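> The file below is model30.txt, compact mmCIF, C-alpha atoms and all ligand atoms:
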# COMPACT_ATOMS: atom_id res chain seq x y z
CA MET A 1 -11.21 -1.64 0.15
CA PRO A 2 -10.50 -2.36 -3.55
CA THR A 3 -10.70 -5.98 -4.64
CA ASN A 4 -8.86 -7.57 -7.54
CA MET A 5 -10.61 -7.48 -10.89
CA SER A 6 -12.01 -10.71 -12.22
CA ARG A 7 -10.65 -11.92 -15.56
CA GLU A 8 -13.95 -11.02 -17.23
CA GLU A 9 -14.08 -7.54 -15.77
CA MET A 10 -10.55 -6.83 -16.88
CA ARG A 11 -11.08 -8.25 -20.35
CA SER A 12 -14.13 -6.03 -20.83
CA LEU A 13 -12.08 -2.81 -20.44
CA PRO A 14 -10.28 -1.03 -23.25
CA MET A 15 -6.70 -2.31 -23.43
CA LEU A 16 -3.85 -1.45 -25.75
CA GLN A 17 -0.64 -3.25 -26.63
CA GLN A 18 -1.80 -6.73 -25.58
CA PRO A 19 -0.79 -10.02 -27.18
CA THR A 20 -3.16 -11.70 -29.63
CA TYR A 21 -3.08 -15.32 -28.54
CA PRO A 22 -4.34 -17.92 -31.00
CA ASP A 23 -5.86 -20.14 -28.28
CA LEU A 24 -7.82 -18.42 -25.50
CA ASN A 25 -8.32 -21.63 -23.52
CA ALA A 26 -4.57 -21.97 -23.29
CA VAL A 27 -4.44 -18.43 -21.83
CA ASP A 28 -6.93 -19.41 -19.13
CA ARG A 29 -4.93 -22.49 -18.23
CA VAL A 30 -1.76 -20.42 -17.82
CA VAL A 31 -3.56 -17.77 -15.77
CA ASP A 32 -4.96 -20.56 -13.51
CA GLN A 33 -1.42 -21.72 -12.93
CA ILE A 34 0.07 -18.27 -12.24
CA GLU A 35 -2.70 -17.54 -9.76
CA THR A 36 -1.45 -20.42 -7.62
CA LEU A 37 2.23 -19.41 -7.70
CA PRO A 38 3.75 -17.54 -4.73
CA PRO A 39 4.27 -13.78 -4.88
CA LEU A 40 7.64 -12.64 -6.23
CA VAL A 41 7.85 -9.64 -3.90
CA PHE A 42 6.22 -8.92 -0.57
CA ALA A 43 3.87 -6.18 0.49
CA GLY A 44 6.21 -4.92 3.21
CA GLU A 45 9.01 -4.43 0.69
CA ALA A 46 6.74 -2.44 -1.63
CA ASP A 47 5.71 -0.31 1.36
CA ASP A 48 9.37 0.35 2.24
CA LEU A 49 10.08 1.47 -1.30
CA ARG A 50 7.01 3.71 -1.30
CA GLU A 51 8.28 5.38 1.86
CA LYS A 52 11.69 5.91 0.31
CA LEU A 53 10.05 7.44 -2.76
CA ALA A 54 8.10 9.74 -0.47
CA ASP A 55 11.50 11.11 0.54
CA VAL A 56 12.31 11.61 -3.14
CA ALA A 57 9.09 13.60 -3.52
CA ARG A 58 10.03 15.69 -0.46
CA GLY A 59 13.47 16.49 -1.86
CA ARG A 60 15.29 14.32 0.66
CA ALA A 61 16.39 11.45 -1.58
CA PHE A 62 17.28 10.81 -5.23
CA LEU A 63 16.05 7.90 -7.38
CA LEU A 64 18.31 5.91 -9.67
CA GLN A 65 16.17 3.59 -11.77
CA GLY A 66 17.89 1.65 -14.52
CA GLY A 67 18.39 -1.52 -16.47
CA ASP A 68 17.61 -3.13 -19.78
CA CYS A 69 14.96 -1.86 -22.14
CA ALA A 70 13.89 -5.50 -22.34
CA GLU A 71 15.29 -8.42 -20.41
CA SER A 72 15.58 -11.69 -22.30
CA PHE A 73 15.74 -15.32 -21.15
CA GLU A 74 19.18 -15.63 -22.67
CA THR A 75 20.59 -12.95 -20.40
CA VAL A 76 19.41 -14.49 -17.13
CA THR A 77 22.98 -15.39 -16.18
CA ALA A 78 25.00 -14.61 -13.07
CA ASP A 79 27.51 -12.50 -15.01
CA ASN A 80 24.88 -10.42 -16.72
CA ILE A 81 22.90 -9.74 -13.55
CA LYS A 82 26.09 -8.95 -11.65
CA GLY A 83 27.18 -6.47 -14.32
CA LYS A 84 23.87 -4.61 -14.27
CA LEU A 85 23.93 -4.39 -10.48
CA MET A 86 27.55 -3.33 -10.38
CA VAL A 87 27.10 -0.47 -12.81
CA GLN A 88 24.08 0.86 -10.94
CA LEU A 89 25.78 0.58 -7.58
CA SER A 90 28.84 2.39 -8.95
CA MET A 91 26.61 5.17 -10.24
CA ALA A 92 24.81 5.29 -6.91
CA VAL A 93 28.06 5.87 -5.00
CA VAL A 94 28.85 8.92 -7.12
CA LEU A 95 25.29 10.25 -6.89
CA THR A 96 25.07 9.72 -3.13
CA TYR A 97 28.30 11.57 -2.55
CA ALA A 98 27.21 14.43 -4.81
CA ALA A 99 23.61 14.75 -3.65
CA GLN A 100 24.41 14.17 0.02
CA VAL A 101 21.07 12.41 0.34
CA PRO A 102 20.19 8.71 0.09
CA VAL A 103 19.97 7.29 -3.41
CA VAL A 104 17.02 4.94 -3.86
CA LYS A 105 18.13 2.09 -6.10
CA VAL A 106 15.57 0.47 -8.38
CA GLY A 107 16.32 -1.85 -11.30
CA ARG A 108 14.44 -2.31 -14.53
CA ILE A 109 14.94 -5.93 -13.69
CA ALA A 110 13.27 -9.24 -12.75
CA GLY A 111 10.13 -8.65 -14.82
CA GLN A 112 10.95 -6.28 -17.70
CA TYR A 113 9.98 -8.78 -20.41
CA ALA A 114 7.14 -7.16 -22.38
CA LYS A 115 7.36 -4.27 -24.82
CA PRO A 116 4.81 -1.95 -26.36
CA ARG A 117 5.54 -1.59 -30.08
CA SER A 118 4.68 1.20 -32.48
CA LYS A 119 4.08 -1.29 -35.30
CA ASP A 120 2.30 -4.65 -35.07
CA THR A 121 4.41 -6.17 -37.82
CA GLU A 122 8.00 -6.17 -39.00
CA THR A 123 8.99 -6.54 -42.65
CA ARG A 124 12.33 -7.78 -43.93
CA GLY A 125 12.61 -8.11 -47.69
CA ASP A 126 9.32 -9.63 -48.78
CA VAL A 127 8.57 -11.31 -45.44
CA THR A 128 6.20 -9.68 -42.95
CA LEU A 129 5.84 -11.18 -39.46
CA PRO A 130 4.36 -10.05 -36.15
CA SER A 131 6.71 -7.68 -34.29
CA TYR A 132 8.81 -8.97 -31.42
CA ARG A 133 7.01 -7.90 -28.23
CA GLY A 134 9.42 -9.15 -25.60
CA ASP A 135 10.26 -12.66 -24.37
CA ALA A 136 7.05 -12.63 -22.33
CA ILE A 137 5.09 -12.84 -25.58
CA ASN A 138 7.12 -14.17 -28.51
CA GLY A 139 10.63 -14.92 -29.70
CA PHE A 140 13.17 -12.45 -31.09
CA ALA A 141 14.20 -14.68 -34.02
CA PHE A 142 12.70 -13.50 -37.30
CA ASP A 143 10.77 -16.65 -38.14
CA ALA A 144 7.06 -17.31 -38.22
CA GLU A 145 7.06 -19.91 -35.47
CA ALA A 146 9.06 -17.81 -33.01
CA ARG A 147 6.84 -14.78 -33.53
CA VAL A 148 3.58 -16.54 -32.56
CA HIS A 149 2.19 -15.15 -29.28
CA ASP A 150 2.55 -17.94 -26.76
CA PRO A 151 0.90 -17.73 -23.30
CA SER A 152 3.17 -20.41 -21.79
CA ARG A 153 5.91 -17.78 -21.90
CA LEU A 154 4.19 -16.08 -18.96
CA VAL A 155 5.24 -18.93 -16.70
CA ARG A 156 8.77 -18.68 -18.05
CA ILE A 157 9.00 -14.98 -17.22
CA TYR A 158 7.72 -15.72 -13.73
CA ASN A 159 10.52 -18.26 -13.29
CA ALA A 160 13.17 -16.05 -14.88
CA SER A 161 12.10 -13.16 -12.63
CA ALA A 162 12.24 -15.38 -9.55
CA ALA A 163 15.76 -16.58 -10.43
CA THR A 164 16.91 -13.02 -11.06
CA LEU A 165 15.42 -11.67 -7.84
CA ASN A 166 16.97 -14.48 -5.87
CA LEU A 167 20.43 -13.59 -7.12
CA VAL A 168 19.88 -9.85 -6.67
CA ARG A 169 18.79 -10.38 -3.07
CA ALA A 170 21.84 -12.56 -2.38
CA PHE A 171 24.21 -10.05 -3.96
CA VAL A 172 22.99 -6.95 -2.19
CA LYS A 173 22.91 -8.53 1.25
CA GLY A 174 25.89 -10.82 0.88
CA GLY A 175 28.79 -8.36 0.68
CA PHE A 176 28.86 -7.85 -3.09
CA ALA A 177 27.51 -4.32 -2.67
CA ASP A 178 30.44 -3.27 -0.47
CA LEU A 179 31.04 0.39 -1.23
CA ARG A 180 34.80 0.02 -1.38
CA GLY A 181 34.60 -2.69 -4.05
CA VAL A 182 31.83 -1.01 -5.99
CA HIS A 183 33.80 2.20 -6.34
CA THR A 184 36.59 0.40 -8.24
CA TRP A 185 34.59 0.68 -11.48
CA ASN A 186 34.48 4.43 -11.03
CA ARG A 187 38.22 4.50 -10.47
CA ASP A 188 38.82 2.49 -13.64
CA PHE A 189 36.52 4.78 -15.56
CA VAL A 190 38.16 8.03 -14.47
CA GLY A 191 41.57 6.46 -15.14
CA ASN A 192 40.64 6.67 -18.85
CA SER A 193 42.55 9.60 -20.37
CA GLN A 194 39.52 10.97 -22.24
CA VAL A 195 37.58 11.57 -19.04
CA GLU A 196 37.39 15.08 -17.63
CA GLN A 197 39.78 16.05 -14.87
CA GLU A 198 36.85 17.17 -12.75
CA TYR A 199 35.53 13.58 -12.61
CA GLU A 200 38.89 12.26 -11.54
CA GLU A 201 38.88 14.71 -8.67
CA LEU A 202 35.40 13.69 -7.63
CA ALA A 203 36.35 9.98 -7.64
CA ALA A 204 39.41 10.78 -5.51
CA GLU A 205 37.26 12.72 -3.04
CA ILE A 206 35.00 9.69 -2.73
CA ASP A 207 38.05 7.50 -2.07
CA ARG A 208 39.06 9.77 0.76
CA ALA A 209 35.53 9.86 2.17
CA LEU A 210 35.34 6.06 2.15
CA ALA A 211 38.73 5.76 3.85
CA PHE A 212 37.55 8.27 6.44
CA MET A 213 34.40 6.26 7.17
CA VAL A 214 36.40 3.06 7.58
CA ALA A 215 38.87 4.82 9.88
CA CYS A 216 35.98 6.10 11.97
CA GLY A 217 34.82 2.53 12.42
CA VAL A 218 31.57 2.84 10.45
CA ASP A 219 30.34 -0.71 10.76
CA ASP A 220 30.76 -3.18 7.98
CA ARG A 221 27.08 -3.68 7.40
CA ALA A 222 26.49 0.00 6.70
CA LEU A 223 29.10 -0.19 3.94
CA SER A 224 28.17 -3.53 2.49
CA GLU A 225 24.41 -4.07 2.61
CA ILE A 226 21.97 -2.10 0.54
CA ASP A 227 18.35 -2.17 -0.52
CA PHE A 228 17.76 -2.75 -4.20
CA TYR A 229 14.26 -2.94 -5.63
CA ALA A 230 12.77 -4.44 -8.79
CA SER A 231 10.53 -2.59 -11.22
CA HIS A 232 9.07 -3.11 -14.68
CA GLU A 233 6.37 -1.79 -16.96
CA ALA A 234 3.09 -3.44 -15.90
CA LEU A 235 2.12 -3.99 -19.51
CA LEU A 236 0.83 -7.55 -19.66
CA LEU A 237 -2.55 -7.45 -18.03
CA GLU A 238 -3.17 -11.19 -17.73
CA TYR A 239 0.14 -11.68 -15.94
CA GLU A 240 -0.12 -8.64 -13.69
CA ARG A 241 -3.70 -9.37 -12.67
CA ALA A 242 -2.84 -13.00 -11.84
CA LEU A 243 -0.04 -11.77 -9.55
CA THR A 244 -2.20 -9.15 -7.83
CA ARG A 245 -2.71 -10.50 -4.34
CA VAL A 246 -4.27 -9.63 -1.00
CA ASP A 247 -1.65 -9.00 1.69
CA SER A 248 -2.47 -11.22 4.65
CA ARG A 249 -1.46 -8.54 7.19
CA SER A 250 -3.38 -5.56 5.87
CA GLN A 251 -5.96 -7.20 3.59
CA LYS A 252 -4.90 -4.68 0.93
CA LEU A 253 -4.05 -5.50 -2.68
CA TYR A 254 -0.50 -5.51 -4.01
CA GLY A 255 1.00 -6.20 -7.39
CA THR A 256 3.48 -8.91 -6.45
CA SER A 257 5.36 -9.15 -9.77
CA GLY A 258 7.72 -6.32 -8.75
CA HIS A 259 8.11 -3.66 -6.08
CA MET A 260 7.46 -0.66 -8.30
CA LEU A 261 5.26 -0.94 -11.37
CA TRP A 262 5.03 1.66 -14.06
CA ILE A 263 2.51 2.55 -16.76
CA GLY A 264 3.98 3.29 -20.17
CA GLU A 265 3.43 6.32 -22.33
CA ARG A 266 1.25 4.27 -24.72
CA THR A 267 -1.05 2.62 -22.17
CA ARG A 268 -1.91 5.35 -19.70
CA GLN A 269 -5.49 5.99 -20.93
CA LEU A 270 -7.63 7.06 -17.96
CA ASP A 271 -10.43 4.62 -18.77
CA GLY A 272 -8.12 1.78 -19.78
CA ALA A 273 -7.43 -1.52 -18.05
CA HIS A 274 -3.84 -0.62 -17.09
CA VAL A 275 -4.84 2.42 -15.07
CA GLU A 276 -7.79 0.55 -13.53
CA LEU A 277 -5.68 -2.43 -12.45
CA LEU A 278 -2.94 -0.31 -10.91
CA SER A 279 -5.42 2.03 -9.21
CA ARG A 280 -6.31 -0.92 -6.97
CA VAL A 281 -2.84 -1.87 -5.69
CA GLN A 282 -0.73 -0.25 -2.98
CA ASN A 283 2.66 -0.39 -4.76
CA PRO A 284 4.53 2.75 -5.64
CA LEU A 285 3.69 3.57 -9.27
CA GLY A 286 5.64 5.16 -12.07
CA ILE A 287 3.81 6.98 -14.86
CA LYS A 288 5.65 7.84 -18.05
CA LEU A 289 4.88 11.28 -19.46
CA GLY A 290 5.87 12.06 -23.04
CA PRO A 291 6.12 15.37 -24.89
CA THR A 292 2.42 15.72 -25.70
CA THR A 293 1.34 15.47 -22.04
CA THR A 294 -0.85 18.31 -20.80
CA PRO A 295 -0.89 19.37 -17.14
CA GLU A 296 -4.58 18.34 -17.05
CA GLN A 297 -3.72 14.79 -18.15
CA ALA A 298 -1.01 14.44 -15.52
CA ILE A 299 -3.34 15.73 -12.81
CA ALA A 300 -6.18 13.42 -13.88
CA LEU A 301 -3.84 10.41 -13.78
CA ALA A 302 -2.60 11.33 -10.32
CA ASP A 303 -6.18 11.85 -9.09
CA LYS A 304 -7.31 8.49 -10.42
CA LEU A 305 -4.26 6.53 -9.24
CA ASP A 306 -3.74 8.32 -5.96
CA PRO A 307 -6.98 9.91 -4.75
CA ASP A 308 -5.73 9.93 -1.13
CA HIS A 309 -2.38 11.63 -1.85
CA VAL A 310 -0.37 8.80 -0.31
CA PRO A 311 3.27 9.92 0.08
CA GLY A 312 5.55 8.13 -2.40
CA ARG A 313 2.71 6.64 -4.40
CA ILE A 314 3.27 8.59 -7.65
CA THR A 315 6.51 9.02 -9.56
CA PHE A 316 6.16 10.94 -12.80
CA ILE A 317 8.85 9.79 -15.20
CA THR A 318 9.12 12.50 -17.82
CA ARG A 319 10.59 11.63 -21.24
CA MET A 320 10.12 14.70 -23.37
CA GLY A 321 13.21 14.61 -25.59
CA ALA A 322 16.22 16.91 -25.44
CA GLY A 323 14.63 19.42 -27.82
CA LYS A 324 11.30 19.66 -25.99
CA VAL A 325 11.98 19.27 -22.29
CA ARG A 326 12.50 22.99 -21.65
CA ASP A 327 9.24 23.89 -23.44
CA VAL A 328 6.93 21.14 -22.22
CA LEU A 329 8.06 20.22 -18.73
CA PRO A 330 7.54 23.55 -16.90
CA ASP A 331 3.74 23.62 -17.39
CA VAL A 332 3.33 19.98 -16.45
CA VAL A 333 5.36 20.36 -13.25
CA SER A 334 3.79 23.64 -12.21
CA GLY A 335 0.28 22.37 -13.02
CA VAL A 336 0.69 19.34 -10.78
CA GLU A 337 2.45 21.29 -8.03
CA ALA A 338 -0.37 23.87 -8.02
CA THR A 339 -2.78 21.13 -6.89
CA GLY A 340 -0.73 20.80 -3.70
CA ARG A 341 0.17 17.25 -4.52
CA LYS A 342 3.73 16.05 -3.85
CA VAL A 343 5.04 13.61 -6.45
CA ALA A 344 8.53 12.41 -7.32
CA TRP A 345 9.78 13.96 -10.59
CA VAL A 346 12.18 11.74 -12.47
CA CYS A 347 13.87 12.20 -15.86
CA ASP A 348 13.98 9.41 -18.45
CA PRO A 349 16.43 10.93 -20.95
CA MET A 350 16.28 7.88 -23.22
CA HIS A 351 12.86 7.46 -24.79
CA GLY A 352 12.49 10.93 -26.27
CA ASN A 353 15.87 10.70 -27.97
CA THR A 354 15.83 7.58 -30.13
CA PHE A 355 16.71 7.75 -33.83
CA GLU A 356 17.81 5.46 -36.63
CA ALA A 357 21.45 5.65 -37.66
CA VAL A 358 22.27 5.63 -41.39
CA ASN A 359 23.28 1.97 -41.10
CA GLY A 360 19.82 1.13 -39.78
CA TYR A 361 20.61 0.68 -36.06
CA LYS A 362 18.22 2.21 -33.58
CA THR A 363 20.40 4.43 -31.41
CA ARG A 364 20.63 7.41 -29.06
CA ALA A 365 23.31 10.06 -28.77
CA PHE A 366 24.97 10.54 -25.40
CA VAL A 367 24.91 14.35 -25.91
CA ASP A 368 21.12 14.27 -26.28
CA VAL A 369 20.77 12.19 -23.12
CA VAL A 370 22.89 14.71 -21.22
CA GLU A 371 21.04 17.62 -22.80
CA GLU A 372 17.66 16.28 -21.64
CA VAL A 373 19.02 15.72 -18.12
CA ASN A 374 20.37 19.29 -18.11
CA GLY A 375 17.01 20.63 -19.32
CA PHE A 376 15.27 18.67 -16.59
CA PHE A 377 17.57 20.10 -13.89
CA ASP A 378 17.22 23.63 -15.30
CA VAL A 379 13.41 23.45 -15.31
CA HIS A 380 13.30 22.22 -11.73
CA ASP A 381 15.84 24.86 -10.67
CA GLN A 382 13.68 27.58 -12.20
CA LEU A 383 10.50 26.29 -10.58
CA GLY A 384 12.09 25.59 -7.21
CA THR A 385 11.08 21.92 -7.39
CA TRP A 386 13.30 18.92 -6.70
CA PRO A 387 14.81 17.01 -9.65
CA GLY A 388 14.15 13.68 -7.99
CA GLY A 389 16.02 11.20 -10.09
CA ILE A 390 16.90 9.57 -13.38
CA HIS A 391 15.46 6.56 -15.19
CA VAL A 392 17.89 5.07 -17.70
CA GLU A 393 18.36 2.11 -20.01
CA LEU A 394 21.81 0.72 -19.33
CA THR A 395 23.94 -2.36 -19.00
CA GLY A 396 27.20 -3.24 -17.27
CA ASP A 397 28.65 -4.58 -20.51
CA ASP A 398 30.75 -2.75 -23.07
CA VAL A 399 28.08 -2.81 -25.74
CA THR A 400 27.94 -0.36 -28.65
CA GLU A 401 24.33 0.74 -28.83
CA CYS A 402 24.37 4.49 -28.06
CA VAL A 403 26.76 6.87 -29.84
CA GLY A 404 29.09 9.39 -28.18
CA GLY A 405 30.43 9.63 -24.66
CA ALA A 406 34.05 9.93 -23.59
CA THR A 407 35.15 7.09 -25.86
CA GLN A 408 33.38 8.75 -28.80
CA LEU A 409 31.48 5.78 -30.17
CA SER A 410 30.44 6.54 -33.72
CA GLU A 411 27.59 5.23 -35.86
CA SER A 412 29.98 2.91 -37.66
CA ASP A 413 30.95 1.39 -34.27
CA LEU A 414 27.37 0.33 -33.57
CA ALA A 415 27.74 -3.00 -35.40
CA THR A 416 30.65 -4.08 -33.15
CA ARG A 417 28.55 -5.16 -30.19
CA TYR A 418 24.88 -4.32 -30.59
CA GLU A 419 23.05 -6.76 -28.31
CA THR A 420 19.83 -5.18 -27.16
CA VAL A 421 16.61 -6.89 -28.20
CA CYS A 422 14.77 -3.58 -28.06
CA ASP A 423 16.03 -0.04 -27.33
CA PRO A 424 19.72 0.97 -27.24
CA ARG A 425 21.31 1.10 -23.76
CA LEU A 426 24.15 3.12 -22.32
CA ASN A 427 27.18 0.88 -21.89
CA ARG A 428 29.20 0.74 -18.69
CA ASN A 429 31.38 3.78 -19.39
CA GLN A 430 28.53 5.87 -20.75
CA SER A 431 26.48 5.04 -17.64
CA LEU A 432 29.28 6.06 -15.29
CA GLU A 433 29.88 9.21 -17.31
CA LEU A 434 26.21 10.06 -16.96
CA ALA A 435 26.44 9.57 -13.20
CA PHE A 436 29.40 11.97 -12.99
CA THR A 437 27.53 14.49 -15.16
CA VAL A 438 24.45 14.31 -12.95
CA ALA A 439 26.72 14.54 -9.90
CA THR A 440 28.06 17.89 -11.06
CA ARG A 441 24.46 19.16 -11.33
CA LEU A 442 23.62 17.85 -7.87
CA ARG A 443 26.63 19.60 -6.35
CA GLU A 444 25.77 23.04 -7.77
C1 LIG B 1 10.31 1.84 -21.92
O1 LIG B 1 10.51 2.33 -20.79
O2 LIG B 1 11.01 0.92 -22.39
C2 LIG B 1 9.22 2.40 -22.75
C3 LIG B 1 8.65 1.72 -23.73
O3 LIG B 1 8.96 3.66 -22.41
P1 LIG B 1 7.79 4.66 -22.82
O4 LIG B 1 6.52 4.03 -22.31
O5 LIG B 1 8.15 5.90 -22.06
O6 LIG B 1 7.84 4.83 -24.30
MN MN B 2 12.85 1.21 -23.92
Could you take the file, read its structure, and then write that structure out as structure tokens?

Amino acid sequence: MPTNMSREEMRSLPMLQQPTYPDLNAVDRVVDQIETLPPLVFAGEADDLREKLADVARGRAFLLQGGDCAESFETVTADNIKGKLMVQLSMAVVLTYAAQVPVVKVGRIAGQYAKPRSKDTETRGDVTLPSYRGDAINGFAFDAEARVHDPSRLVRIYNASAATLNLVRAFVKGGFADLRGVHTWNRDFVGNSQVEQEYEELAAEIDRALAFMVACGVDDRALSEIDFYASHEALLLEYERALTRVDSRSQKLYGTSGHMLWIGERTRQLDGAHVELLSRVQNPLGIKLGPTTTPEQAIALADKLDPDHVPGRITFITRMGAGKVRDVLPDVVSGVEATGRKVAWVCDPMHGNTFEAVNGYKTRAFVDVVEEVNGFFDVHDQLGTWPGGIHVELTGDDVTECVGGATQLSESDLATRYETVCDPRLNRNQSLELAFTVATRLRE
């Protein structure tokens, strides 16, 4: 049975995208402390999610994974968390109705505080400072003090994640997730005159279906309690290792910082510390696959992380870009499928489609997002494999970070309400529009 790595063993492995802390003794003190803190999630919950993802891999469920690119301490508020949940639950209603299979709901939430960066430094005018790497590592403000890598932030993200999870758990079991209430956001959205007639019809069908269920006496709990899981990129090795724990029932290891952990496109080296750490835990794992991925690389990652072919263990989150998905994805999918392995295939239509607007904002175009999703569905249709879900960066607020969509946000609108600390997110209406778009593909 795998055991947890020691600090020394982990630190001796190749590792990318890690903080450079000025005081290594301070890091050890923080790690000592985190090792004594209780787990944030429980082994049984991670097992339940893995079983649900096994259904995604078998074509019997659909995954909706979404949330901020990066959470920040400032946004750990009831309203913000409620908004993110509400938009995902609204999307899930539409997707469930369209797919006619369960929708597995997973947030990029309660732990998504560390970011890989393509550049180590950021320059404004004649000042160059370390890049912002997420609230887990340094501050967003462009000043030298804020940008220092500070290990005590690891305890703060633990606490922020605990507070977030606590509220999420209360919301989804306490009546907030009631299907009838959740669907009101969809109704508001389709009430907008720019939205296609077809979406209005779909929302009305869902209304009738909900009324029918209530009339049939479907019990209140079935309509109002859901399972919602937490996921994040397991980027920060010191933090993730300190929260890797032995489950007292099974004696097996679990990452207890979140239910599902994923490995990013930049840190999935086969001999690296990220892959080694996650190969030892039982959680369901996501693996991001970008446009340069070869079938051999995907197979080698699956073999290393899931040698026993455990159902639901591997979710490949492909993020090829709208222009490449149709060329690159078929070989990767067919290569993996030819090994006989069953994985969940999920589309991240965000990370391959980022560009800089003329006014300097990092943005994404809604048409590109939809185009990548369409390419993903087309490829799976052609191969006879199941398009198992979507992974999106979104928020429940009316931000202006991505261009396009029914309300036709333009590049000059970006300045109005650009709040992300990292990548641009779909706002509430763009998220719901994406759900309706995916729904039409699922109904074909
Ligand atoms: C992300 O999901 O925010 C991210 C950095 O993705 P990727 O690893 O796919 O670039
Ligand atoms: Mn991102």
> Fewer than 3 positions away in the same chain doesn't count, so skip those; otherwise give me all residues within 6 Å of Gly321 in chain A, counting all atoms listed in the file, as an mmCIF file with C-alpha atoms, in the coordinates of the input.

data_model
loop_
_atom_site.group_PDB
_atom_site.id
_atom_site.type_symbol
_atom_site.label_atom_id
_atom_site.label_comp_id
_atom_site.auth_asym_id
_atom_site.auth_seq_id
_atom_site.Cartn_x
_atom_site.Cartn_y
_atom_site.Cartn_z
ATOM 1 C CA LYS A 324 11.300 19.660 -25.990
ATOM 2 C CA VAL A 325 11.980 19.270 -22.290
ATOM 3 C CA GLY A 352 12.490 10.930 -26.270
ATOM 4 C CA ASN A 353 15.870 10.700 -27.970
#
> Quick one: residues within 8 Å of Glu225 in chain A, all atoms listed in the file, excluding same-chain residues fewer than 5 positions away - as a ChimeraX atom specification?
/A:172-175,177-178
> Just want the 7 Å neighbourhood of Ser257 in chain A, counted on only C-alpha atoms, with same-chain residues fewer than 5 positions away dropped. Output as a PyMOL selection string.
chain A and resi 39-41+111+240+243
> Throw together the list of residues within 9 Å of ligand MN 2 (chain B), counting all atoms listed in the file, and drop it here as an MDAnalysis selection string.
chainID A and resid 68:70 115:116 350:351 392:393 422:425
> Print the selection's residues with C-alpha atoms to a file, as a tab-separated table (two decimals), in the frame of the given file.

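The resulting file, selection-v7.tsv, is reproduced below:
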chain	number	residue	atom	x	y	z
A	68	ASP	CA	17.61	-3.13	-19.78
A	69	CYS	CA	14.96	-1.86	-22.14
A	70	ALA	CA	13.89	-5.50	-22.34
A	115	LYS	CA	7.36	-4.27	-24.82
A	116	PRO	CA	4.81	-1.95	-26.36
A	350	MET	CA	16.28	7.88	-23.22
A	351	HIS	CA	12.86	7.46	-24.79
A	392	VAL	CA	17.89	5.07	-17.70
A	393	GLU	CA	18.36	2.11	-20.01
A	422	CYS	CA	14.77	-3.58	-28.06
A	423	ASP	CA	16.03	-0.04	-27.33
A	424	PRO	CA	19.72	0.97	-27.24
A	425	ARG	CA	21.31	1.10	-23.76
> Distance CA of Leu63 in chain A-CA of Ala92 in chain A, one decimal place?
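Calculated distance between CA of Leu63 in chain A and CA of Ala92 in chain A is 9.2 Å.
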> Please list, as a compact mmCIF listing (two decimals) with C-alpha atoms, keeping the file's coordinate frame, the residues that have an atom at most 10 Å away from (31.0, 6.6, -22.6) in the coordinates of this file, counting all atoms listed in the file.

# COMPACT_ATOMS: atom_id res chain seq x y z
CA PHE A 189 36.52 4.78 -15.56
CA GLN A 194 39.52 10.97 -22.24
CA VAL A 195 37.58 11.57 -19.04
CA PHE A 366 24.97 10.54 -25.40
CA ASP A 398 30.75 -2.75 -23.07
CA THR A 400 27.94 -0.36 -28.65
CA CYS A 402 24.37 4.49 -28.06
CA VAL A 403 26.76 6.87 -29.84
CA GLY A 404 29.09 9.39 -28.18
CA GLY A 405 30.43 9.63 -24.66
CA ALA A 406 34.05 9.93 -23.59
CA THR A 407 35.15 7.09 -25.86
CA GLN A 408 33.38 8.75 -28.80
CA LEU A 409 31.48 5.78 -30.17
CA LEU A 426 24.15 3.12 -22.32
CA ASN A 427 27.18 0.88 -21.89
CA ARG A 428 29.20 0.74 -18.69
CA ASN A 429 31.38 3.78 -19.39
CA GLN A 430 28.53 5.87 -20.75
CA SER A 431 26.48 5.04 -17.64
CA LEU A 432 29.28 6.06 -15.29
CA GLU A 433 29.88 9.21 -17.31
CA LEU A 434 26.21 10.06 -16.96
> For Phe62 in chain A, work out the shell of residues within 7 Å, counting all atoms listed in the file and skipping chain neighbours fewer than 3 positions away, then give it as a PyMOL selection string.
chain A and resi 56+101-104+388-389
> With 4 Å on each side, where is the centre of the axis-aligned box around all listed atoms of ligand LIG 1 (chain B), and how long are its edges in Å to one decimal, as AutoDock Vina command-line options?

--center_x 8.8 --center_y 3.4 --center_z -22.5 --size_x 12.5 --size_y 13.0 --size_z 11.5
> Which residue is closest to Gln18 in chain A? Choose from A:Ala234, A:Val421, A:Leu285, A:Ile314 and count all atoms listed in the file.
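Comparing A:Ala234, A:Val421, A:Leu285, A:Ile314 against Gln18 in chain A, the winner is A:Ala234.
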> Could you please determine the separation between CA of Gln17 in chain A and CA of Asp150 in chain A in Å, to one decimal place?
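Going from CA of Gln17 in chain A over to CA of Asp150 in chain A, I get 15.0 Å.
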> For the point (29.0, -2.9, -32.0) in the file's frame, write as a ChimeraX atom specification all residues with an atom no more than 7 Å away, counting all atoms listed in the file.
/A:399-401,413-418
> Provide the CA of Asp32 in chain A to CA of Glu265 in chain A distance in Å, to one decimal place.
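So the two atoms, CA of Asp32 in chain A and CA of Glu265 in chain A, lie 29.5 Å apart.
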> Taking all atoms listed in the file into account, which of A:Val106, A:Ile263, A:Ala211, A:Met320 comes nearest Phe228 in chain A?
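Using all atoms listed in the file, the shortest distance to Phe228 in chain A belongs to A:Val106.
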> Point out the residue among A:Asp397, A:Asp220, A:Asp143, A:Glu71 with the least atom-to-atom distance to ligand LIG 1 (chain B), counting all atoms listed in the file.
A:Glu71
> Could you list, as an MDAnalysis selection string, every residue within 9 Å of Val27 in chain A, counting only C-alpha atoms and ignoring same-chain residues fewer than 4 positions away?
chainID A and resid 21 23 31:32 150:152 238
